[in-house]
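Raw contents of data-v1.json, JSON, C-alpha atoms:
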```json
[["chain", "number", "residue", "atom", "x", "y", "z"],
["G", 1, "MET", "CA", 22.04, -19.91, 28.33],
["G", 2, "ALA", "CA", 23.62, -18.41, 25.26],
["G", 3, "THR", "CA", 24.38, -14.71, 25.00],
["G", 4, "VAL", "CA", 24.02, -12.78, 21.76],
["G", 5, "TYR", "CA", 25.32, -9.26, 21.17],
["G", 6, "LEU", "CA", 24.05, -7.23, 18.23],
["G", 7, "GLY", "CA", 25.33, -3.92, 16.95],
["G", 8, "ASN", "CA", 22.20, -1.79, 17.03],
["G", 9, "HIS", "CA", 22.63, 1.56, 15.29],
["G", 10, "ALA", "CA", 18.90, 2.17, 14.77],
["G", 11, "VAL", "CA", 17.48, 1.86, 18.27],
["G", 12, "VAL", "CA", 13.86, 2.77, 18.87],
["G", 13, "GLU", "CA", 12.18, 2.90, 22.26],
["G", 14, "GLN", "CA", 8.46, 3.59, 22.57],
["G", 15, "GLY", "CA", 8.50, 5.13, 19.11],
["G", 16, "SER", "CA", 11.43, 7.43, 19.81],
["G", 17, "THR", "CA", 14.84, 7.07, 18.16],
["G", 18, "ILE", "CA", 17.82, 6.57, 20.45],
["G", 19, "GLU", "CA", 20.98, 8.07, 19.00],
["G", 20, "GLY", "CA", 24.36, 6.42, 18.98],
["G", 21, "GLU", "CA", 25.98, 3.10, 18.12],
["G", 22, "GLN", "CA", 24.21, 1.06, 20.74],
["G", 23, "VAL", "CA", 24.56, -2.64, 21.49],
["G", 24, "THR", "CA", 21.77, -5.07, 22.25],
["G", 25, "GLN", "CA", 22.39, -7.94, 24.65],
["G", 26, "HIS", "CA", 20.01, -10.87, 24.06],
["G", 27, "VAL", "CA", 20.20, -13.88, 26.43],
["G", 28, "VAL", "CA", 18.37, -17.02, 25.36],
["G", 29, "SER", "CA", 17.13, -20.18, 27.05],
["G", 30, "ASP", "CA", 18.92, -23.51, 26.71],
["G", 31, "ARG", "CA", 15.57, -25.23, 26.24],
["G", 32, "ASP", "CA", 14.62, -23.58, 22.93],
["G", 33, "THR", "CA", 15.31, -24.93, 19.46],
["G", 34, "LEU", "CA", 17.21, -22.90, 16.86],
["G", 35, "SER", "CA", 13.91, -22.25, 15.09],
["G", 36, "GLU", "CA", 12.42, -20.87, 18.30],
["G", 37, "HIS", "CA", 15.50, -18.72, 18.97],
["G", 38, "MET", "CA", 15.31, -17.22, 15.50],
["G", 39, "ARG", "CA", 11.58, -16.57, 15.59],
["G", 40, "THR", "CA", 11.81, -14.98, 19.06],
["G", 41, "LEU", "CA", 14.41, -12.53, 17.75],
["G", 42, "THR", "CA", 13.30, -11.86, 14.17],
["G", 43, "HIS", "CA", 9.53, -12.39, 13.88],
["G", 44, "ALA", "CA", 7.20, -9.40, 13.63],
["G", 45, "ASP", "CA", 5.97, -10.28, 17.15],
["G", 46, "GLY", "CA", 9.52, -10.91, 18.33],
["G", 47, "VAL", "CA", 12.19, -8.75, 19.87],
["G", 48, "TRP", "CA", 14.08, -7.00, 17.06],
["G", 49, "PRO", "CA", 11.16, -5.12, 15.49],
["G", 50, "GLN", "CA", 10.38, -3.70, 18.95],
["G", 51, "ILE", "CA", 13.87, -2.27, 19.48],
["G", 52, "ALA", "CA", 15.24, -1.29, 16.07],
["G", 53, "THR", "CA", 14.23, 0.20, 12.75],
["G", 54, "ALA", "CA", 17.04, -1.43, 10.80],
["G", 55, "PRO", "CA", 18.94, -4.74, 10.89],
["G", 56, "PRO", "CA", 21.91, -5.12, 13.23],
["G", 57, "VAL", "CA", 25.29, -4.17, 11.79],
["G", 58, "TRP", "CA", 27.07, -7.12, 13.43],
["G", 59, "VAL", "CA", 26.29, -10.12, 15.64],
["G", 60, "ALA", "CA", 28.32, -12.10, 18.15],
["G", 61, "SER", "CA", 27.42, -15.08, 20.31],
["G", 62, "ASP", "CA", 28.93, -17.88, 22.38],
["G", 63, "ASN", "CA", 26.58, -20.15, 20.39],
["G", 64, "ALA", "CA", 28.28, -20.30, 16.98],
["G", 65, "GLU", "CA", 25.30, -21.90, 15.22],
["G", 66, "LEU", "CA", 22.98, -19.17, 16.49],
["G", 67, "ALA", "CA", 25.41, -16.42, 15.51],
["G", 68, "GLU", "CA", 25.70, -17.79, 11.97],
["G", 69, "ALA", "CA", 21.93, -18.09, 11.62],
["G", 70, "ILE", "CA", 21.35, -14.53, 12.83],
["G", 71, "GLY", "CA", 24.12, -13.20, 10.61],
["G", 72, "ALA", "CA", 22.63, -14.96, 7.60],
["G", 73, "HIS", "CA", 19.14, -13.74, 8.36],
["G", 74, "PHE", "CA", 20.12, -10.09, 8.76],
["G", 75, "ASP", "CA", 23.03, -10.24, 6.25],
["G", 76, "CYS", "CA", 25.40, -8.81, 8.84],
["G", 77, "SER", "CA", 28.92, -9.70, 9.97],
["G", 78, "VAL", "CA", 29.57, -12.30, 12.64],
["G", 79, "ILE", "CA", 32.30, -11.13, 15.02],
["G", 80, "ASP", "CA", 34.02, -12.75, 17.99],
["G", 81, "ILE", "CA", 32.04, -12.93, 21.22],
["G", 82, "GLU", "CA", 34.85, -11.13, 23.06],
["G", 83, "ASP", "CA", 34.59, -8.22, 20.63],
["G", 84, "GLY", "CA", 30.82, -8.19, 20.97],
["G", 85, "ALA", "CA", 31.03, -8.07, 24.75],
["G", 86, "ALA", "CA", 33.62, -5.31, 24.56],
["G", 87, "HIS", "CA", 31.38, -3.23, 22.30],
["G", 88, "PHE", "CA", 28.52, -3.71, 24.77],
["G", 89, "ASN", "CA", 30.65, -2.58, 27.71],
["G", 90, "VAL", "CA", 31.84, 0.52, 25.88],
["G", 91, "ALA", "CA", 28.35, 1.48, 24.79],
["G", 92, "HIS", "CA", 27.02, 0.88, 28.29],
["G", 93, "GLU", "CA", 29.72, 3.04, 29.87],
["G", 94, "LEU", "CA", 28.95, 5.81, 27.41],
["G", 95, "HIS", "CA", 25.28, 5.53, 28.34],
["G", 96, "LEU", "CA", 26.05, 5.70, 32.05],
["G", 97, "GLY", "CA", 28.18, 8.76, 31.41],
["G", 98, "GLY", "CA", 25.32, 10.48, 29.58],
["G", 99, "GLN", "CA", 27.24, 10.57, 26.31],
["G", 100, "SER", "CA", 26.68, 9.01, 22.91],
["G", 101, "GLU", "CA", 29.01, 8.24, 20.04],
["E", 1, "MET", "CA", 0.11, -4.51, 33.86],
["E", 2, "LYS", "CA", 2.20, -5.03, 36.96],
["E", 3, "VAL", "CA", 0.06, -6.82, 39.53],
["E", 4, "ASN", "CA", 0.20, -6.19, 43.27],
["E", 5, "THR", "CA", 2.45, -9.17, 43.90],
["E", 6, "GLY", "CA", 4.73, -7.77, 41.22],
["E", 7, "ASN", "CA", 5.08, -4.48, 43.06],
["E", 8, "THR", "CA", 6.01, -6.37, 46.21],
["E", 9, "LYS", "CA", 8.49, -8.53, 44.33],
["E", 10, "GLU", "CA", 10.13, -5.51, 42.74],
["E", 11, "ALA", "CA", 10.53, -3.82, 46.13],
["E", 12, "LEU", "CA", 12.00, -6.97, 47.63],
["E", 13, "ALA", "CA", 14.38, -7.45, 44.73],
["E", 14, "LEU", "CA", 15.78, -3.96, 45.18],
["E", 15, "ALA", "CA", 15.66, -3.52, 48.95],
["E", 16, "GLY", "CA", 15.53, -6.97, 50.56],
["E", 17, "GLY", "CA", 12.40, -6.64, 52.62],
["E", 18, "THR", "CA", 12.09, -6.66, 56.41],
["E", 19, "GLN", "CA", 13.79, -10.04, 56.87],
["E", 20, "ILE", "CA", 17.00, -10.23, 54.94],
["E", 21, "GLY", "CA", 17.70, -13.96, 54.85],
["E", 22, "TYR", "CA", 18.29, -17.20, 56.75],
["E", 23, "VAL", "CA", 21.25, -19.52, 57.28],
["E", 24, "ASN", "CA", 21.24, -23.14, 58.46],
["E", 25, "THR", "CA", 24.73, -24.56, 58.94],
["E", 26, "SER", "CA", 24.10, -27.36, 61.44],
["E", 27, "GLY", "CA", 21.68, -30.14, 62.26],
["E", 28, "ALA", "CA", 20.02, -32.74, 60.11],
["E", 29, "ILE", "CA", 18.40, -31.55, 56.86],
["E", 30, "THR", "CA", 16.38, -33.60, 54.40],
["E", 31, "TYR", "CA", 16.30, -32.71, 50.70],
["E", 32, "THR", "CA", 14.04, -33.95, 47.93],
["E", 33, "ALA", "CA", 13.75, -32.78, 44.33],
["E", 34, "THR", "CA", 11.43, -30.01, 45.51],
["E", 35, "ALA", "CA", 11.79, -29.57, 49.27],
["E", 36, "VAL", "CA", 14.09, -28.58, 52.11],
["E", 37, "THR", "CA", 13.21, -29.84, 55.61],
["E", 38, "PRO", "CA", 15.44, -29.12, 58.61],
["E", 39, "THR", "CA", 14.87, -31.75, 61.29],
["E", 40, "THR", "CA", 14.85, -29.06, 63.98],
["E", 41, "SER", "CA", 11.93, -26.81, 63.10],
["E", 42, "PRO", "CA", 13.09, -23.31, 62.12],
["E", 43, "ALA", "CA", 9.66, -21.93, 63.08],
["E", 44, "TRP", "CA", 9.33, -19.94, 59.87],
["E", 45, "THR", "CA", 6.39, -17.71, 59.09],
["E", 46, "VAL", "CA", 4.24, -19.33, 56.40],
["E", 47, "ASN", "CA", 5.40, -18.27, 52.91],
["E", 48, "GLN", "CA", 7.91, -15.74, 54.18],
["E", 49, "TRP", "CA", 10.47, -17.17, 51.72],
["E", 50, "ALA", "CA", 8.22, -17.38, 48.66],
["E", 51, "GLY", "CA", 10.06, -16.00, 45.66],
["E", 52, "LYS", "CA", 13.51, -16.08, 47.27],
["E", 53, "PHE", "CA", 16.65, -18.00, 46.38],
["E", 54, "ILE", "CA", 17.65, -21.02, 48.49],
["E", 55, "ILE", "CA", 21.34, -21.78, 48.02],
["E", 56, "VAL", "CA", 22.62, -25.29, 48.77],
["E", 57, "GLY", "CA", 26.20, -26.06, 47.80],
["E", 58, "ALA", "CA", 26.49, -25.92, 44.01],
["E", 59, "VAL", "CA", 22.76, -25.61, 43.29],
["E", 60, "TYR", "CA", 19.96, -23.24, 44.12],
["E", 61, "GLY", "CA", 16.18, -23.37, 44.25],
["E", 62, "ILE", "CA", 13.50, -20.72, 44.06],
["E", 63, "CYS", "CA", 11.10, -21.01, 46.97],
["E", 64, "VAL", "CA", 7.50, -21.53, 45.87],
["E", 65, "SER", "CA", 6.10, -21.70, 49.40],
["E", 66, "ASN", "CA", 7.06, -22.60, 52.94],
["E", 67, "THR", "CA", 5.44, -23.83, 56.12],
["E", 68, "ALA", "CA", 6.83, -23.36, 59.62],
["E", 69, "THR", "CA", 9.02, -26.42, 59.11],
["E", 70, "ALA", "CA", 9.82, -26.85, 55.41],
["E", 71, "ALA", "CA", 10.34, -24.96, 52.16],
["E", 72, "THR", "CA", 9.19, -26.06, 48.70],
["E", 73, "VAL", "CA", 11.18, -25.15, 45.59],
["E", 74, "ASP", "CA", 10.11, -25.55, 41.97],
["E", 75, "GLN", "CA", 13.32, -27.45, 41.19],
["E", 76, "TRP", "CA", 17.06, -27.27, 41.84],
["E", 77, "TYR", "CA", 19.07, -25.19, 39.38],
["E", 78, "ASN", "CA", 22.67, -25.37, 38.21],
["E", 79, "PRO", "CA", 23.87, -21.73, 38.19],
["E", 80, "ALA", "CA", 25.97, -22.38, 35.09],
["E", 81, "THR", "CA", 22.93, -23.55, 33.09],
["E", 82, "PRO", "CA", 19.83, -22.17, 34.83],
["E", 83, "THR", "CA", 17.54, -22.83, 31.88],
["E", 84, "GLY", "CA", 18.97, -26.27, 31.17],
["E", 85, "ALA", "CA", 18.24, -29.57, 32.89],
["E", 86, "ALA", "CA", 17.39, -29.46, 36.59],
["E", 87, "GLY", "CA", 20.30, -29.54, 39.01],
["E", 88, "ALA", "CA", 21.01, -32.48, 41.31],
["E", 89, "THR", "CA", 19.11, -32.85, 44.58],
["E", 90, "PRO", "CA", 21.46, -31.76, 47.39],
["E", 91, "ALA", "CA", 22.93, -34.38, 49.69],
["E", 92, "ALA", "CA", 21.33, -34.76, 53.10],
["E", 93, "ASN", "CA", 22.53, -32.35, 55.81],
["E", 94, "THR", "CA", 24.20, -29.92, 53.39],
["E", 95, "SER", "CA", 24.05, -26.40, 54.80],
["E", 96, "PHE", "CA", 21.74, -23.96, 53.09],
["E", 97, "ALA", "CA", 21.09, -20.24, 52.99],
["E", 98, "ILE", "CA", 18.00, -18.31, 51.98],
["E", 99, "LEU", "CA", 18.85, -14.96, 50.40],
["E", 100, "GLY", "CA", 17.08, -11.68, 50.91],
["E", 101, "GLY", "CA", 15.69, -9.94, 47.85],
["E", 102, "ALA", "CA", 13.80, -11.88, 45.17],
["E", 103, "ALA", "CA", 14.34, -14.25, 42.26],
["E", 104, "PRO", "CA", 13.83, -12.71, 38.82],
["E", 105, "ALA", "CA", 10.55, -13.12, 36.95],
["E", 106, "ASN", "CA", 11.88, -14.51, 33.68],
["E", 107, "VAL", "CA", 9.28, -17.19, 32.99],
["E", 108, "MET", "CA", 6.33, -16.55, 30.65],
["E", 109, "ALA", "CA", 2.96, -18.30, 30.75],
["E", 110, "LEU", "CA", -0.02, -18.22, 28.37],
["E", 111, "THR", "CA", -3.78, -18.22, 28.87],
["E", 112, "ASN", "CA", -6.77, -18.94, 26.63],
["E", 113, "THR", "CA", -9.34, -17.39, 28.95],
["E", 114, "ALA", "CA", -12.03, -15.73, 26.83],
["E", 115, "SER", "CA", -12.28, -11.97, 27.30],
["E", 116, "PHE", "CA", -9.19, -12.11, 29.48],
["E", 117, "ALA", "CA", -9.05, -9.08, 31.79],
["E", 118, "PRO", "CA", -6.00, -8.72, 34.06],
["E", 119, "ALA", "CA", -6.57, -7.32, 37.54],
["E", 120, "ALA", "CA", -4.05, -5.88, 39.97],
["E", 121, "THR", "CA", -5.18, -8.33, 42.64],
["E", 122, "ASP", "CA", -4.57, -11.41, 40.48],
["E", 123, "THR", "CA", -1.99, -13.83, 41.89],
["E", 124, "ALA", "CA", -2.43, -16.59, 39.32],
["E", 125, "LEU", "CA", -3.06, -16.69, 35.58],
["E", 126, "SER", "CA", -6.57, -17.96, 34.97],
["E", 127, "GLY", "CA", -6.72, -20.47, 32.16],
["E", 128, "GLU", "CA", -2.95, -20.99, 32.27],
["E", 129, "GLN", "CA", -1.87, -23.36, 29.51],
["E", 130, "THR", "CA", 0.14, -26.36, 30.70],
["E", 131, "ALA", "CA", 0.12, -28.85, 27.81],
["E", 132, "SER", "CA", 0.77, -29.38, 24.09],
["E", 133, "GLY", "CA", 3.85, -27.18, 24.05],
["E", 134, "LEU", "CA", 2.04, -24.14, 25.43],
["E", 135, "GLY", "CA", 3.26, -24.45, 29.01],
["E", 136, "ARG", "CA", 5.58, -22.05, 30.80],
["E", 137, "LYS", "CA", 8.86, -21.12, 29.14],
["E", 138, "PHE", "CA", 12.04, -19.41, 30.22],
["E", 139, "ALA", "CA", 11.93, -16.14, 28.34],
["E", 140, "SER", "CA", 14.81, -14.56, 26.47],
["E", 141, "PHE", "CA", 16.07, -11.37, 28.10],
["E", 142, "THR", "CA", 17.04, -8.40, 25.96],
["E", 143, "TYR", "CA", 18.56, -5.09, 26.96],
["E", 144, "THR", "CA", 19.86, -2.37, 24.65],
["E", 145, "THR", "CA", 22.35, 0.23, 25.83],
["E", 146, "GLY", "CA", 21.00, 3.76, 25.87],
["E", 147, "THR", "CA", 17.47, 2.64, 26.74],
["E", 148, "ASN", "CA", 15.37, 2.44, 29.87],
["E", 149, "SER", "CA", 13.52, -0.75, 29.06],
["E", 150, "TYR", "CA", 14.07, -4.47, 28.60],
["E", 151, "GLN", "CA", 12.24, -7.20, 26.73],
["E", 152, "LEU", "CA", 11.15, -10.68, 27.76],
["E", 153, "ALA", "CA", 10.14, -12.87, 24.84],
["E", 154, "ALA", "CA", 9.43, -16.48, 23.98],
["E", 155, "THR", "CA", 8.23, -18.69, 21.15],
["E", 156, "TRP", "CA", 5.96, -21.64, 21.78],
["E", 157, "THR", "CA", 5.72, -24.56, 19.38],
["E", 158, "TYR", "CA", 2.29, -26.15, 19.56],
["E", 159, "THR", "CA", 2.07, -29.95, 19.51],
["E", 160, "GLY", "CA", -1.72, -30.30, 19.60],
["E", 161, "SER", "CA", -4.27, -30.53, 16.81],
["E", 162, "THR", "CA", -7.22, -28.37, 17.87],
["E", 163, "LEU", "CA", -7.67, -24.63, 17.97],
["E", 164, "VAL", "CA", -6.31, -22.78, 21.00],
["E", 165, "ALA", "CA", -6.93, -19.03, 21.07],
["E", 166, "ILE", "CA", -4.21, -17.42, 23.19],
["E", 167, "THR", "CA", -5.62, -14.31, 24.83],
["E", 168, "GLY", "CA", -2.97, -13.23, 27.29],
["E", 169, "ALA", "CA", 0.27, -13.87, 29.11],
["E", 170, "ALA", "CA", 1.96, -13.41, 32.46],
["E", 171, "THR", "CA", 5.46, -13.50, 33.89],
["E", 172, "PHE", "CA", 6.45, -15.60, 36.91],
["E", 173, "ASP", "CA", 9.59, -16.48, 38.83],
["E", 174, "VAL", "CA", 9.31, -20.28, 38.61],
["E", 175, "ILE", "CA", 8.95, -22.78, 35.77],
["E", 176, "THR", "CA", 6.43, -24.94, 37.66],
["E", 177, "PRO", "CA", 2.93, -24.35, 36.30],
["E", 178, "SER", "CA", 0.30, -22.69, 38.47],
["E", 179, "ALA", "CA", 2.92, -21.65, 41.04],
["E", 180, "GLY", "CA", 5.26, -18.84, 41.97],
["E", 181, "VAL", "CA", 5.04, -15.08, 42.23],
["E", 182, "MET", "CA", 3.49, -13.22, 39.30],
["E", 183, "LEU", "CA", 5.04, -9.94, 38.20],
["E", 184, "HIS", "CA", 3.10, -8.85, 35.11],
["E", 185, "GLU", "CA", -0.14, -9.89, 33.43],
["E", 186, "THR", "CA", -1.14, -8.77, 29.93],
["E", 187, "ALA", "CA", -4.16, -9.23, 27.68],
["E", 188, "LEU", "CA", -3.53, -9.43, 23.94],
["E", 189, "ALA", "CA", -5.31, -6.90, 21.72],
["E", 190, "SER", "CA", -6.44, -9.85, 19.62],
["E", 191, "ALA", "CA", -6.12, -13.58, 20.17],
["E", 192, "ALA", "CA", -3.18, -15.50, 18.72],
["E", 193, "ASN", "CA", -4.45, -18.81, 17.38],
["E", 194, "VAL", "CA", -2.60, -22.09, 17.10],
["E", 195, "ASN", "CA", -4.39, -24.94, 15.32],
["E", 196, "ALA", "CA", -2.04, -27.72, 14.28],
["E", 197, "ASN", "CA", 1.10, -29.51, 15.35],
["E", 198, "GLY", "CA", 4.07, -27.28, 14.58],
["E", 199, "ASP", "CA", 2.25, -23.95, 14.74],
["E", 200, "GLN", "CA", 4.28, -21.34, 16.58],
["E", 201, "ALA", "CA", 3.31, -18.31, 18.64],
["E", 202, "THR", "CA", 5.74, -15.58, 19.69],
["E", 203, "MET", "CA", 5.22, -13.02, 22.40],
["E", 204, "THR", "CA", 7.40, -10.07, 23.41],
["E", 205, "GLN", "CA", 6.87, -8.03, 26.56],
["E", 206, "THR", "CA", 8.61, -4.68, 26.92],
["E", 207, "VAL", "CA", 9.10, -3.45, 30.47],
["E", 208, "THR", "CA", 9.97, 0.19, 31.01],
["E", 209, "MET", "CA", 12.07, 0.86, 34.08]]
```
Mind turning this structure into structure tokens?
Amino acid sequence: MATVYLGNHAVVEQGSTIEGEQVTQHVVSDRDTLSEHMRTLTHADGVWPQIATAPPVWVASDNAELAEAIGAHFDCSVIDIEDGAAHFNVAHELHLGGQSE
Amino acid sequence: MKVNTGNTKEALALAGGTQIGYVNTSGAITYTATAVTPTTSPAWTVNQWAGKFIIVGAVYGICVSNTATAATVDQWYNPATPTGAAGATPAANTSFAILGGAAPANVMALTNTASFAPAATDTALSGEQTASGLGRKFASFTYTTGTNSYQLAATWTYTGSTLVAITGAATFDVITPSAGVMLHETALASAANVNANGDQATMTQTVTM
């Protein structure tokens, strides 16, 4: 299973905006094609339109091909997976602490 | 909607249930691609392990059902690649453990039942699709920091050549069709049609915690 992290600075949940520089973790199946991965994330019926009102500001993944495809689609930077995971951990800790950036 | 079996599964996943688990470290044990059979009957209660992890060496299975003497799994999984190819069948007599709690419901299934109407008492997905690329799929899992919800989503690529009107979906804990514990069942507001080889359908389910 590949893991994708996306810098999500326009989070929406049930129609309400969530403040802060949040991070989305997206874990995908090994059995899907690249086309299926991309459609699942980017299509109008897919994930991203449900959770954000703007494109991600960066993307990271341990699947380099998937990271490049997502970065090209959203026209956002591709960063190292370690940096993506670190951003996720920081954002999650801030959330647990009841704070936002 | 979360069906009744889904409520039970959620409670078990968080609290373990009345029987925590089981360990077998001795005696003869027979393994197949989908079954565990201790030679000395463990005298289990029928289906007490349904939906739980069975750990055997470097692989695990998700119990679909059990009798008093044997447990059936949907397949063996390699923990490093749980959505990849099935793991190897364990060697005979390898010790096993059955964990308390519950396996996650991260598999999505589709139906073409006309006027599909989920009910809390449903335990199976009527009209579940099993062919032409519309069978069960491991869903992607998405969580965003700062939120109280997660998403399960999948894209199916149709390989048939006649119209299929997809009317609903459900989530299960096993990849085997028509089996496993169902967590959620949802009717689509309008049918999603696939007609020709290569058509794709995408579905996203948001679960609020």
Please indicate the distance in Å from CA of Asn193 (chain E) to CA of Asp45 (chain G), rounded to one decimal place.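 The value is 13.5 Å.
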How many Å lie between CA of Asn93 (chain E) and CA of Thr40 (chain E), rounded to one decimal?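 CA of Asn93 (chain E) sits 11.7 Å away from CA of Thr40 (chain E).
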Would you mind listing, as a ChimeraX atom specification, all residues of chain G that have at least one atom within 7 Å of chain E, where all atoms listed in the file are what counts? /G:1,13,18,22-31,36,39-40,45-47,91-92,95
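Taking all atoms listed in the file into account, Tyr31 (chain E) lies nearest to E:Val56 out of the set E:Met182, E:Ala120, E:Met1, E:Val56.
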Taking only C-alpha atoms into account, which of E:Gly21, E:Gly133, E:Pro42, E:Gly6 comes nearest His184 (chain E)?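 Of E:Gly21, E:Gly133, E:Pro42, E:Gly6, the one nearest His184 (chain E), counting only C-alpha atoms, is E:Gly6.
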